[in-house]
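Novice: You'll find input_8.cif just under this line, and it carries mmCIF, C-alpha atoms and all ligand atoms.
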data_work
#
loop_
_atom_site.label_atom_id
_atom_site.label_comp_id
_atom_site.auth_asym_id
_atom_site.auth_seq_id
_atom_site.Cartn_x
_atom_site.Cartn_y
_atom_site.Cartn_z
CA MET P 1 67.88 181.39 41.05
CA SER P 2 64.43 181.74 39.51
CA VAL P 3 61.52 179.67 40.85
CA PRO P 4 60.46 176.88 38.46
CA PHE P 5 57.39 178.01 36.49
CA ALA P 6 55.34 175.09 37.83
CA LEU P 7 55.79 176.28 41.38
CA LYS P 8 55.00 179.91 40.81
CA PRO P 9 51.64 181.04 42.23
CA VAL P 10 48.76 182.13 40.04
CA MET P 11 47.99 185.82 40.48
CA VAL P 12 44.19 186.26 40.50
CA VAL P 13 43.34 189.86 39.56
CA VAL P 14 39.96 191.56 40.02
CA GLY P 15 38.87 195.19 39.95
CA THR P 16 35.08 195.40 39.75
CA ARG P 17 31.97 193.81 41.24
CA PRO P 18 31.32 191.18 38.54
CA GLU P 19 34.95 190.06 38.52
CA ILE P 20 34.76 189.28 42.25
CA VAL P 21 31.54 187.27 41.76
CA LYS P 22 32.95 185.29 38.83
CA MET P 23 36.40 184.69 40.34
CA ALA P 24 34.98 183.54 43.71
CA PRO P 25 34.33 179.91 42.60
CA ILE P 26 37.83 179.76 41.06
CA ILE P 27 39.45 181.02 44.26
CA ARG P 28 37.51 178.41 46.20
CA ALA P 29 38.68 175.68 43.79
CA PHE P 30 42.30 176.87 44.05
CA LYS P 31 42.08 176.47 47.82
CA LYS P 32 40.47 173.03 47.53
CA HIS P 33 43.15 171.80 45.09
CA GLU P 34 45.95 173.54 47.02
CA VAL P 35 47.04 175.55 44.01
CA PRO P 36 49.19 178.44 45.27
CA PHE P 37 47.75 181.83 44.39
CA SER P 38 47.86 185.49 45.29
CA PHE P 39 44.78 187.74 45.16
CA VAL P 40 44.90 191.30 43.85
CA HIS P 41 42.08 193.88 43.90
CA CYS P 42 42.94 196.76 41.59
CA GLY P 43 40.34 199.12 43.08
CA GLN P 44 38.55 200.10 39.86
CA HIS P 45 35.44 199.76 42.02
CA TYR P 46 36.15 201.21 45.43
CA ASP P 47 32.89 201.88 47.33
CA TYR P 48 32.25 199.33 50.07
CA ASN P 49 29.05 198.13 48.38
CA MET P 50 30.83 197.62 45.01
CA SER P 51 33.94 195.87 46.33
CA GLN P 52 34.62 194.86 49.97
CA GLN P 53 30.99 193.84 50.54
CA PHE P 54 31.44 191.13 47.88
CA ILE P 55 34.73 189.89 49.32
CA GLU P 56 33.10 189.52 52.74
CA GLU P 57 29.79 187.99 51.61
CA LEU P 58 31.48 185.50 49.30
CA GLU P 59 33.91 184.66 52.12
CA LEU P 60 36.99 185.31 50.01
CA PRO P 61 40.40 185.87 51.55
CA ALA P 62 41.39 189.50 52.03
CA PRO P 63 43.31 190.61 48.92
CA ASP P 64 47.08 190.25 49.32
CA TYR P 65 47.48 193.49 47.34
CA GLY P 66 44.97 196.29 46.86
CA PHE P 67 45.22 199.54 44.90
CA LYS P 68 43.44 202.87 44.91
CA VAL P 69 43.09 204.16 41.36
CA LYS P 70 40.69 207.09 41.53
CA ALA P 71 40.99 208.61 38.07
CA ALA P 72 39.20 211.28 36.09
CA SER P 73 39.07 209.38 32.81
CA ALA P 74 38.88 205.80 31.57
CA GLY P 75 42.27 206.17 29.89
CA LEU P 76 43.95 207.37 33.06
CA GLN P 77 42.22 204.63 35.05
CA THR P 78 43.58 201.98 32.66
CA ALA P 79 47.05 203.51 32.68
CA ARG P 80 47.18 203.73 36.47
CA ILE P 81 46.12 200.11 36.91
CA MET P 82 48.75 199.06 34.38
CA ALA P 83 51.47 201.03 36.20
CA LEU P 84 50.44 199.60 39.59
CA MET P 85 50.34 196.06 38.18
CA ASP P 86 53.73 196.55 36.54
CA ARG P 87 55.22 197.56 39.89
CA LEU P 88 53.56 194.62 41.62
CA LEU P 89 54.79 192.11 39.04
CA ALA P 90 58.32 193.45 39.48
CA LYS P 91 58.34 192.26 43.08
CA VAL P 92 55.78 189.44 43.34
CA VAL P 93 56.45 186.14 41.56
CA ALA P 94 53.57 184.88 39.39
CA GLY P 95 53.40 181.95 36.96
CA LEU P 96 50.13 183.13 35.45
CA VAL P 97 48.06 186.29 35.75
CA LEU P 98 44.41 185.25 35.73
CA VAL P 99 41.82 187.86 34.70
CA GLU P 100 38.08 187.60 34.10
CA GLY P 101 35.84 189.50 31.71
CA ASP P 102 36.21 192.76 29.85
CA THR P 103 36.81 195.69 32.20
CA ASN P 104 39.62 198.23 32.12
CA THR P 105 41.22 196.28 34.97
CA VAL P 106 41.35 193.17 32.79
CA LEU P 107 43.09 194.86 29.87
CA ALA P 108 45.50 196.78 32.10
CA ALA P 109 46.50 193.68 34.09
CA ALA P 110 46.90 191.58 30.93
CA LEU P 111 49.13 194.20 29.31
CA ALA P 112 51.22 194.63 32.44
CA ALA P 113 51.72 190.84 32.68
CA ASN P 114 52.64 190.66 29.00
CA ARG P 115 55.31 193.39 29.41
CA ARG P 116 56.76 191.50 32.41
CA GLY P 117 56.82 188.21 30.45
CA VAL P 118 54.15 186.58 32.64
CA ALA P 119 51.55 184.36 30.93
CA VAL P 120 47.92 185.56 30.96
CA GLY P 121 44.85 183.37 31.51
CA HIS P 122 41.54 184.89 30.41
CA VAL P 123 38.34 183.61 31.99
CA GLU P 124 35.22 184.35 29.88
CA ALA P 125 37.26 184.61 26.68
CA GLY P 126 35.74 184.94 23.22
CA LEU P 127 32.60 186.99 23.89
CA ARG P 128 31.81 189.45 21.10
CA SER P 129 29.06 192.07 20.84
CA PHE P 130 30.48 193.46 17.57
CA ASP P 131 29.48 196.86 18.98
CA LEU P 132 32.61 198.98 18.79
CA ARG P 133 31.04 201.80 20.85
CA MET P 134 31.61 199.61 23.90
CA PRO P 135 34.96 199.91 25.72
CA GLU P 136 34.34 196.32 26.87
CA GLU P 137 34.43 195.04 23.28
CA HIS P 138 37.92 196.50 22.83
CA ASN P 139 39.08 195.27 26.23
CA ARG P 140 37.98 191.70 25.66
CA ARG P 141 39.36 191.48 22.12
CA LEU P 142 42.75 192.85 23.13
CA THR P 143 42.94 190.63 26.21
CA ASP P 144 42.09 187.53 24.19
CA HIS P 145 44.99 188.27 21.86
CA LEU P 146 47.39 188.69 24.79
CA SER P 147 46.38 185.45 26.52
CA ALA P 148 48.17 182.10 26.66
CA LEU P 149 45.14 180.30 28.13
CA LEU P 150 41.63 181.20 26.99
CA PHE P 151 38.68 179.86 28.97
CA ALA P 152 35.73 180.21 26.61
CA PRO P 153 32.34 179.72 28.26
CA THR P 154 30.66 178.25 25.15
CA GLU P 155 31.43 176.69 21.76
CA ARG P 156 30.34 179.93 20.13
CA ALA P 157 32.91 181.90 22.14
CA LYS P 158 35.53 179.37 21.05
CA ALA P 159 34.49 179.84 17.41
CA ASN P 160 34.87 183.62 17.78
CA LEU P 161 38.42 183.10 19.04
CA GLU P 162 39.30 180.67 16.27
CA ARG P 163 37.96 183.09 13.66
CA GLU P 164 40.36 185.72 15.00
CA SER P 165 43.30 183.27 15.11
CA VAL P 166 44.25 183.97 18.72
CA TRP P 167 47.65 182.60 19.75
CA GLY P 168 46.74 180.97 23.06
CA LYS P 169 45.14 177.61 23.83
CA ILE P 170 41.36 177.60 23.95
CA TYR P 171 39.31 175.52 26.41
CA VAL P 172 35.51 175.47 26.60
CA THR P 173 34.57 175.44 30.29
CA GLY P 174 31.18 177.10 30.88
CA ASN P 175 30.88 180.36 32.79
CA THR P 176 31.83 180.46 36.47
CA VAL P 177 28.83 182.70 37.20
CA ILE P 178 26.62 179.60 36.99
CA ASP P 179 28.85 178.04 39.67
CA ALA P 180 28.54 181.25 41.72
CA VAL P 181 24.73 181.14 41.65
CA ALA P 182 24.66 177.48 42.71
CA GLN P 183 27.17 178.08 45.50
CA HIS P 184 25.45 181.16 46.91
CA LEU P 185 21.70 180.96 46.34
CA PRO P 186 21.07 178.46 49.17
CA ILE P 187 23.03 180.74 51.53
CA ALA P 188 21.19 183.78 50.17
CA GLU P 189 17.78 182.18 50.80
CA ARG P 190 18.78 181.62 54.43
CA LYS P 191 20.52 184.89 55.18
CA SER P 192 19.02 187.66 53.04
CA LYS P 193 16.31 189.86 54.54
CA ILE P 194 15.85 191.97 51.42
CA LEU P 195 12.27 190.84 50.72
CA SER P 196 11.08 192.50 53.92
CA GLN P 197 12.19 195.84 52.43
CA ILE P 198 10.44 195.44 49.08
CA ARG P 199 7.21 197.42 48.75
CA PHE P 200 5.67 195.23 46.02
CA GLU P 201 4.31 191.66 45.87
CA ARG P 202 5.10 191.27 42.16
CA PHE P 203 7.93 193.22 40.60
CA ALA P 204 10.43 193.49 37.76
CA LEU P 205 14.09 193.72 38.75
CA ALA P 206 16.03 196.37 36.82
CA THR P 207 19.70 197.34 36.58
CA ALA P 208 21.44 199.72 34.16
CA HIS P 209 24.97 201.01 34.05
CA ARG P 210 26.53 200.60 30.60
CA ALA P 211 28.40 203.74 29.56
CA GLU P 212 26.84 203.82 26.07
CA ASN P 213 23.43 203.86 27.76
CA VAL P 214 23.59 205.95 30.91
CA ASP P 215 26.10 208.48 29.59
CA ASN P 216 23.61 209.21 26.77
CA LEU P 217 20.94 211.53 28.19
CA ALA P 218 18.23 210.45 25.72
CA VAL P 219 18.72 206.78 26.61
CA LEU P 220 18.98 207.53 30.34
CA LYS P 221 15.62 209.34 30.16
CA ASN P 222 14.07 206.46 28.21
CA PHE P 223 15.10 204.03 30.92
CA VAL P 224 13.74 205.97 33.88
CA ARG P 225 10.51 206.87 32.08
CA ALA P 226 10.00 203.22 31.06
CA PHE P 227 10.56 202.08 34.66
CA MET P 228 8.18 204.77 35.97
CA GLU P 229 5.43 203.72 33.52
CA SER P 230 6.07 199.97 33.70
CA PRO P 231 2.92 197.78 33.96
CA VAL P 232 4.60 195.93 36.83
CA PRO P 233 6.44 197.89 39.57
CA VAL P 234 10.21 198.02 39.29
CA VAL P 235 12.83 197.32 41.95
CA TYR P 236 15.93 199.17 40.88
CA PRO P 237 19.29 198.71 42.66
CA MET P 238 21.17 201.64 41.22
CA HIS P 239 24.79 201.52 40.03
CA PRO P 240 26.90 204.52 41.19
CA ARG P 241 27.62 205.57 37.62
CA THR P 242 23.89 205.82 36.90
CA ARG P 243 23.11 207.63 40.15
CA LYS P 244 25.76 210.21 39.25
CA ARG P 245 24.34 210.73 35.74
CA LEU P 246 20.75 211.03 37.03
CA ARG P 247 21.84 213.57 39.63
CA GLN P 248 23.86 215.58 37.09
CA ASN P 249 20.82 215.74 34.81
CA GLY P 250 18.26 216.60 37.49
CA LEU P 251 16.43 213.27 37.09
CA LEU P 252 17.23 211.54 40.36
CA ALA P 253 14.50 213.05 42.56
CA GLU P 254 11.81 212.23 39.98
CA VAL P 255 12.65 208.53 39.88
CA MET P 256 13.26 208.28 43.64
CA GLN P 257 9.81 209.74 44.36
CA CYS P 258 7.92 207.61 41.84
CA GLY P 259 5.58 205.12 43.55
CA ASN P 260 6.10 202.57 40.76
CA VAL P 261 9.87 202.37 41.23
CA GLN P 262 11.77 201.36 44.35
CA VAL P 263 15.33 202.62 44.05
CA LEU P 264 17.87 200.77 46.18
CA PRO P 265 21.61 201.22 46.65
CA PRO P 266 23.86 198.67 44.89
CA LEU P 267 23.04 195.42 46.66
CA GLY P 268 25.21 192.66 48.02
CA TYR P 269 25.26 189.43 46.07
CA LEU P 270 23.01 187.50 48.46
CA ASP P 271 20.24 190.12 48.34
CA PHE P 272 20.52 190.45 44.59
CA LEU P 273 20.27 186.67 44.09
CA VAL P 274 17.07 186.56 46.15
CA LEU P 275 15.55 189.38 44.08
CA MET P 276 16.47 187.60 40.84
CA ARG P 277 14.82 184.46 42.12
CA ARG P 278 11.62 186.23 43.25
CA CYS P 279 11.02 188.76 40.45
CA GLU P 280 8.63 188.33 37.53
CA LEU P 281 11.24 189.35 35.01
CA ILE P 282 14.59 191.11 34.73
CA VAL P 283 15.25 194.28 32.74
CA THR P 284 18.98 194.97 32.42
CA ASP P 285 21.97 196.07 30.40
CA SER P 286 24.30 193.96 32.60
CA GLY P 287 26.34 191.14 31.12
CA GLY P 288 26.53 188.91 34.18
CA VAL P 289 22.85 189.27 34.98
CA GLN P 290 21.93 187.96 31.49
CA GLU P 291 23.89 184.82 32.33
CA GLU P 292 22.58 184.40 35.87
CA ALA P 293 18.99 184.57 34.60
CA THR P 294 19.64 181.27 32.77
CA SER P 295 20.78 179.41 35.89
CA PRO P 296 18.42 176.49 36.62
CA LEU P 297 18.00 178.03 40.09
CA ILE P 298 16.80 181.38 38.69
CA ARG P 299 15.24 180.77 35.21
CA LYS P 300 13.86 184.23 34.50
CA PRO P 301 13.04 186.08 31.30
CA VAL P 302 15.57 188.86 30.79
CA LEU P 303 14.95 191.94 28.65
CA VAL P 304 18.27 193.31 27.46
CA ILE P 305 17.99 197.11 27.21
CA ARG P 306 20.78 197.46 24.69
CA LEU P 307 21.24 197.35 20.92
CA SER P 308 23.36 194.18 21.02
CA THR P 309 24.51 191.39 23.28
CA GLU P 310 27.75 189.45 23.54
CA ARG P 311 25.69 186.65 25.11
CA PRO P 312 23.54 185.49 22.13
CA GLU P 313 23.38 182.03 23.71
CA ALA P 314 20.89 183.43 26.23
CA VAL P 315 18.74 184.74 23.37
CA GLU P 316 18.87 181.46 21.45
CA ALA P 317 17.90 179.57 24.60
CA ARG P 318 14.84 181.93 24.79
CA PHE P 319 15.78 183.46 28.16
CA ALA P 320 16.88 186.83 26.79
CA LYS P 321 15.49 189.30 24.29
CA VAL P 322 17.45 192.30 23.03
CA VAL P 323 14.77 194.98 23.12
CA GLY P 324 16.68 198.17 22.31
CA THR P 325 16.85 201.36 24.34
CA GLY P 326 13.62 203.16 23.37
CA LYS P 327 10.96 203.77 26.02
CA HIS P 328 8.16 202.18 23.98
CA GLN P 329 10.32 199.22 23.00
CA ILE P 330 11.03 198.55 26.67
CA LEU P 331 7.39 198.96 27.76
CA THR P 332 6.10 196.74 24.94
CA ALA P 333 8.65 194.07 25.82
CA ILE P 334 7.72 194.16 29.53
CA THR P 335 4.03 193.75 28.69
CA ALA P 336 4.76 190.86 26.30
CA ALA P 337 7.01 189.12 28.84
CA LEU P 338 4.34 189.40 31.54
CA GLU P 339 1.72 187.90 29.21
CA SER P 340 3.97 185.16 27.86
CA LYS P 341 3.25 181.64 28.99
CA LYS P 342 6.40 180.15 27.49
CA GLN P 343 8.37 177.63 29.52
CA LEU P 344 12.04 178.42 29.84
CA PRO P 345 14.65 175.66 29.45
CA GLU P 346 15.88 173.86 32.54
CA LYS P 347 19.51 173.98 31.44
CA SER P 348 21.73 177.02 31.12
CA PRO P 349 23.65 177.56 27.87
CA PHE P 350 26.55 178.76 30.05
CA GLY P 351 27.33 175.42 31.66
CA ASP P 352 26.39 173.12 34.46
CA GLY P 353 28.06 174.84 37.41
CA ASN P 354 31.45 173.11 37.09
CA ALA P 355 33.34 175.76 35.14
CA SER P 356 35.63 176.68 38.02
CA GLU P 357 36.65 173.05 38.64
CA LYS P 358 37.42 172.65 34.93
CA ILE P 359 39.45 175.86 34.81
CA VAL P 360 41.50 174.95 37.87
CA GLU P 361 42.20 171.42 36.54
CA ILE P 362 43.39 172.92 33.25
CA ILE P 363 45.61 175.46 35.02
CA LYS P 364 47.17 172.69 37.15
CA LYS P 365 47.83 170.61 34.03
CA GLU P 366 49.21 173.54 32.06
CA LEU P 367 51.50 174.67 34.88
CA ARG P 368 52.91 171.13 35.17
CA ARG P 369 53.73 171.09 31.44
CA TYR P 370 56.31 173.80 32.02
CA ILE P 371 58.42 171.79 34.53
C1 LIG P 401 32.79 198.98 34.85
C2 LIG P 401 33.18 198.24 33.58
C3 LIG P 401 31.96 197.53 33.02
C4 LIG P 401 31.32 196.64 34.06
C5 LIG P 401 31.02 197.43 35.33
C6 LIG P 401 30.51 196.52 36.39
C7 LIG P 401 34.92 199.22 32.16
C8 LIG P 401 35.19 199.95 30.90
N1 LIG P 401 33.63 199.16 32.54
O1 LIG P 401 31.84 199.96 34.51
O2 LIG P 401 32.35 196.72 31.92
O3 LIG P 401 30.13 196.13 33.53
O4 LIG P 401 32.23 198.06 35.79
O5 LIG P 401 29.72 197.19 37.32
O6 LIG P 401 35.83 198.72 32.78
N2 LIG P 401 31.80 204.64 40.84
C9 LIG P 401 31.63 204.91 42.16
N3 LIG P 401 32.00 203.95 43.05
C10 LIG P 401 32.56 202.77 42.71
C11 LIG P 401 32.74 202.52 41.34
C12 LIG P 401 32.36 203.46 40.42
O7 LIG P 401 31.13 205.96 42.53
O8 LIG P 401 32.87 201.94 43.59
C13 LIG P 401 31.39 205.69 39.85
C14 LIG P 401 32.49 206.70 39.60
O9 LIG P 401 31.89 207.92 39.36
C15 LIG P 401 33.11 206.21 38.32
C16 LIG P 401 31.90 205.64 37.58
O10 LIG P 401 31.09 205.07 38.61
O11 LIG P 401 33.72 207.22 37.61
C17 LIG P 401 32.21 204.57 36.58
O12 LIG P 401 33.00 203.53 37.17
P1 LIG P 401 33.95 202.64 36.24
O13 LIG P 401 34.57 201.56 37.05
O14 LIG P 401 34.84 203.49 35.44
O15 LIG P 401 32.94 202.01 35.20
P2 LIG P 401 31.59 201.21 35.45
O16 LIG P 401 30.49 201.98 34.83
O17 LIG P 401 31.48 200.81 36.87
N1 LIG P 402 24.90 192.42 41.27
C1 LIG P 402 24.80 192.55 42.66
N2 LIG P 402 24.13 193.62 43.18
C2 LIG P 402 23.54 194.56 42.39
C3 LIG P 402 23.65 194.43 40.98
C4 LIG P 402 24.34 193.36 40.45
O1 LIG P 402 25.29 191.69 43.39
O2 LIG P 402 22.94 195.51 42.93
C5 LIG P 402 25.69 191.30 40.73
C6 LIG P 402 24.98 190.45 39.71
O3 LIG P 402 24.29 189.39 40.34
C7 LIG P 402 26.13 189.95 38.86
C8 LIG P 402 27.10 191.11 38.87
O4 LIG P 402 26.78 191.89 40.02
O5 LIG P 402 26.77 188.83 39.44
C9 LIG P 402 26.93 191.91 37.61
O6 LIG P 402 27.61 193.12 37.74
P1 LIG P 402 27.35 194.34 36.75
O7 LIG P 402 25.98 194.28 36.20
O8 LIG P 402 27.77 195.55 37.50
O9 LIG P 402 28.46 194.11 35.63
P2 LIG P 402 28.49 193.33 34.24
O10 LIG P 402 28.13 191.92 34.49
O11 LIG P 402 27.55 194.02 33.31
O12 LIG P 402 29.89 193.51 33.78
#
Just give me the structure as structure tokens.
Ligand code: UD1
Ligand code: UDP

Specialist:
Amino acid sequence: MSVPFALKPVMVVVGTRPEIVKMAPIIRAFKKHEVPFSFVHCGQHYDYNMSQQFIEELELPAPDYGFKVKAASAGLQTARIMALMDRLLAKVVAGLVLVEGDTNTVLAAALAANRRGVAVGHVEAGLRSFDLRMPEEHNRRLTDHLSALLFAPTERAKANLERESVWGKIYVTGNTVIDAVAQHLPIAERKSKILSQIRFERFALATAHRAENVDNLAVLKNFVRAFMESPVPVVYPMHPRTRKRLRQNGLLAEVMQCGNVQVLPPLGYLDFLVLMRRCELIVTDSGGVQEEATSPLIRKPVLVIRLSTERPEAVEARFAKVVGTGKHQILTAITAALESKKQLPEKSPFGDGNASEKIVEIIKKELRRYI
């Protein structure tokens, strides 16, 4: 006899660093509300400092199921995750597969759930960069159209979904990353010792990893040259993709030896939160970091080193500026941000830190409707 839908656990699926950060407050709320769930890590990110470190620091339960998907191409990676998820869903009962964001893991898990007749919930639904060079833009669009429950962080995201006539039900909840900052920054301030390692008093915090940026040699060079010439020194926790590209192109030693740039390995969440809080400004092509910069506990200008953003709310709220990928554009923007006296808003456009509670309440209500 099949288990009634209402009693089937939610399967929470993650695969990369930002998914762990953004799912953490939801997992905590599931525990608090005694919603049954299983936790799956698909292993798209596999280094300790891109995966397990986050599970430990955020005090999440060990994943019930974990995969190893080392793959030579993005297509193979997506296909392998889908095959592994298909096999898992054949033996593990789930009432809802919950995914977050726009990675290959998200699309693969959503497709696998769809083929097994399991409903999909998409956290951070409705973001659009309208930049079709980005694999993430395809992943998020496809996942939105596969989802029964769409948790849009903002009204704008909801409008994007309505314009595309998605089939699922849309709820505006805020983004759980604002919850994550509020839940972890006080702990980070107590526990992190990262500031004792930083060589500079004042610094910009930089990250870069987007494929359309770091896989393009001209853009990769622009980034490292801009950081090396920056009017304020740069602290640069380096993503493994970027390290690999710099090494392949003979650029790694140059940036590592530059006195104006402090290259660090990918950092744990607590250390990274402290650096966001203490820096003068943030220079990044990250999605999550654009959002975190708007948290009332961080409130930092963020220069988006890309041609577009799927988070225009951060630009409209005057936190973010899309500066492009040219060296001079980046340097001019850093100088202007350092000279700017503008006050940033005290509220985040991505919610008030209660997104995870809202999402879990909705999931409980929706699961009950199926009794
Ligand atoms: C992926 C997501 C991106 C997200 C980012 C978060 C897709 C299409 N991209 O990009 O949206 O912003 O994660 O960080 O899903 N690598 C390691 N160790 C690891 C992980 C990756 O060495 O633990 C290296 C490998 O060489 C790998 C490369 O980084 O081939 C790229 O990793 P991948 O997960 O494919 O994409 P990301 O650039 O991390
Ligand atoms: N982050 C971190 N350590 C780092 C860099 C980023 O903990 O060295 C966190 C950051 O605070 C945010 C998330 O990782 O919560 C963003 O991940 P990333 O930039 O890799 O992915 P994106 O958000 O662009 O998908």

Novice: For each of P:Lys31, P:Arg141, P:Arg17, P:Arg87, take the minimum atom-to-atom distance to Ile55 of chain P, counting only C-alpha atoms, then give the residue where this is smallest.

Specialist: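 The answer is P:Arg17, which sits nearest to Ile55 of chain P.
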
Novice: Taking only C-alpha atoms into account, name the residue in P:Ala226, P:Val35, P:Leu60, P:Leu149 that is nearest to Ile170 of chain P.

Specialist: P:Leu149

Novice: For Gly288 of chain P, which residue out of P:Arg202, P:Arg311, P:His239, P:Lys321 is the nearest one, using only C-alpha atoms?

Specialist: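 Closest candidate: P:Arg311.
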
Novice: In terms of the shortest atom-to-atom distance over only C-alpha atoms, which of P:Asn222, P:Lys358, P:Ala112, P:Ala204 is closest to Arg278 of chain P?

Specialist: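 Of P:Asn222, P:Lys358, P:Ala112, P:Ala204, the one nearest Arg278 of chain P, counting only C-alpha atoms, is P:Ala204.
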
Novice: Which residues are near ligand LIG 401 (chain P) in this structure, taking near to mean any atom at most 10 Å from a ligand atom and counting all atoms listed in the file? Format them as a count of residues only.

Specialist: 58

Novice: Can you pull out the residues contacting segment 120-130 of chain P? Cut-off 7 Å, using only C-alpha atoms, and skip same-chain residues under 2 positions away; I want them as a count of residues only.

Specialist: 28

Novice: Using only C-alpha atoms, determine which residues lie at most 9 Å from segment 322-330 of chain P, disregarding the query and same-chain residues fewer than 4 positions distant; provide the list as number ranges by chain.

Specialist: P: 213, 218-227, 230, 283, 302-309, 315, 334-335

Novice: Would you place a box with edges along x, y and z of the file around all atoms of segment 159-173 of chain P listed there, add 8 Å to each of its six sides, and report the centre and edge lengths in Å to one decimal, as JSON?

Specialist:
{"center_x": 41.1, "center_y": 180.6, "center_z": 22.0, "size_x": 29.2, "size_y": 26.3, "size_z": 32.6}

Novice: Step by step: start from the point (11.4, 196.4, 43.1) in the file's coordinates, keep every protein, DNA or RNA residue that has an atom no farther than 6 Å from it, count only C-alpha atoms, and write the set as a list in words.

Specialist: Phe203, Leu205, Val234, Val235, Tyr236 and Gln262 of chain P

Novice: Pick out the closest residue to ligand LIG 402 (chain P) from this set: P:Cys42, P:Met276, P:Met85, P:Ala29. Count all atoms listed in the file.

Specialist: P:Met276

Novice: Compare P:Ala62, P:Ala119, P:Val166, P:Val274 by their minimum atom-to-atom distance to ligand LIG 402 (chain P), counting only C-alpha atoms and all ligand atoms, and give me the closest one.

Specialist: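 Closest candidate: P:Val274.
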
Novice: Which value, in Å to one decimal, gives the distance between atom CA of Leu367 of chain P and atom CA of Val21 of chain P?

Specialist: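 The value is 24.6 Å.
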
Novice: Excluding Arg277 of chain P and its own-chain neighbours fewer than 6 positions away, which residues fall within 9 Å of it when counting only C-alpha atoms? Please give them as a PDB file with C-alpha atoms, in the frame of the given file.

Specialist:
ATOM      1  CA  LEU P 185      21.700 180.960  46.340  1.00  0.00           C
ATOM      2  CA  ALA P 293      18.990 184.570  34.600  1.00  0.00           C
ATOM      3  CA  LEU P 297      18.000 178.030  40.090  1.00  0.00           C
ATOM      4  CA  ILE P 298      16.800 181.380  38.690  1.00  0.00           C
ATOM      5  CA  ARG P 299      15.240 180.770  35.210  1.00  0.00           C
ATOM      6  CA  LYS P 300      13.860 184.230  34.500  1.00  0.00           C
TER       7      LYS P 300
END

Novice: To one decimal place in Å, what is the distance between atom CA of Leu267 of chain P and atom CA of Thr154 of chain P?

Specialist: 28.6 Å

Novice: Could you jot down the atom CA of Leu111 of chain P to atom CA of Thr143 of chain P separation for me, Å, one decimal place?

Specialist: 7.8 Å

Novice: Output segment 216-225 of chain P as a PDB file, in the coordinates of the input, making sure N, CA, C and O atoms are there.

Specialist:
ATOM      1  N   ASN P 216      24.374 208.597  27.862  1.00  0.00           N
ATOM      2  CA  ASN P 216      23.610 209.210  26.770  1.00  0.00           C
ATOM      3  C   ASN P 216      22.275 209.680  27.372  1.00  0.00           C
ATOM      4  O   ASN P 216      21.443 208.849  27.764  1.00  0.00           O
ATOM      5  N   LEU P 217      22.093 210.996  27.450  1.00  0.00           N
ATOM      6  CA  LEU P 217      20.940 211.530  28.190  1.00  0.00           C
ATOM      7  C   LEU P 217      19.611 211.020  27.642  1.00  0.00           C
ATOM      8  O   LEU P 217      18.692 210.707  28.407  1.00  0.00           O
ATOM      9  N   ALA P 218      19.497 210.903  26.305  1.00  0.00           N
ATOM     10  CA  ALA P 218      18.230 210.450  25.720  1.00  0.00           C
ATOM     11  C   ALA P 218      17.920 209.027  26.193  1.00  0.00           C
ATOM     12  O   ALA P 218      16.784 208.709  26.586  1.00  0.00           O
ATOM     13  N   VAL P 219      18.931 208.173  26.204  1.00  0.00           N
ATOM     14  CA  VAL P 219      18.720 206.780  26.610  1.00  0.00           C
ATOM     15  C   VAL P 219      18.438 206.710  28.124  1.00  0.00           C
ATOM     16  O   VAL P 219      17.544 205.989  28.568  1.00  0.00           O
ATOM     17  N   LEU P 220      19.190 207.496  28.886  1.00  0.00           N
ATOM     18  CA  LEU P 220      18.980 207.530  30.340  1.00  0.00           C
ATOM     19  C   LEU P 220      17.525 207.906  30.654  1.00  0.00           C
ATOM     20  O   LEU P 220      16.864 207.272  31.488  1.00  0.00           O
ATOM     21  N   LYS P 221      17.024 208.908  29.952  1.00  0.00           N
ATOM     22  CA  LYS P 221      15.620 209.340  30.160  1.00  0.00           C
ATOM     23  C   LYS P 221      14.663 208.221  29.768  1.00  0.00           C
ATOM     24  O   LYS P 221      13.682 207.963  30.462  1.00  0.00           O
ATOM     25  N   ASN P 222      14.941 207.566  28.628  1.00  0.00           N
ATOM     26  CA  ASN P 222      14.070 206.460  28.210  1.00  0.00           C
ATOM     27  C   ASN P 222      13.963 205.401  29.297  1.00  0.00           C
ATOM     28  O   ASN P 222      12.882 204.889  29.584  1.00  0.00           O
ATOM     29  N   PHE P 223      15.103 205.086  29.895  1.00  0.00           N
ATOM     30  CA  PHE P 223      15.100 204.030  30.920  1.00  0.00           C
ATOM     31  C   PHE P 223      14.236 204.434  32.102  1.00  0.00           C
ATOM     32  O   PHE P 223      13.352 203.678  32.517  1.00  0.00           O
ATOM     33  N   VAL P 224      14.490 205.631  32.649  1.00  0.00           N
ATOM     34  CA  VAL P 224      13.740 205.970  33.880  1.00  0.00           C
ATOM     35  C   VAL P 224      12.256 206.150  33.582  1.00  0.00           C
ATOM     36  O   VAL P 224      11.408 205.734  34.374  1.00  0.00           O
ATOM     37  N   ARG P 225      11.930 206.703  32.422  1.00  0.00           N
ATOM     38  CA  ARG P 225      10.510 206.870  32.080  1.00  0.00           C
ATOM     39  C   ARG P 225       9.851 205.501  31.906  1.00  0.00           C
ATOM     40  O   ARG P 225       8.722 205.269  32.337  1.00  0.00           O
TER      41      ARG P 225
END
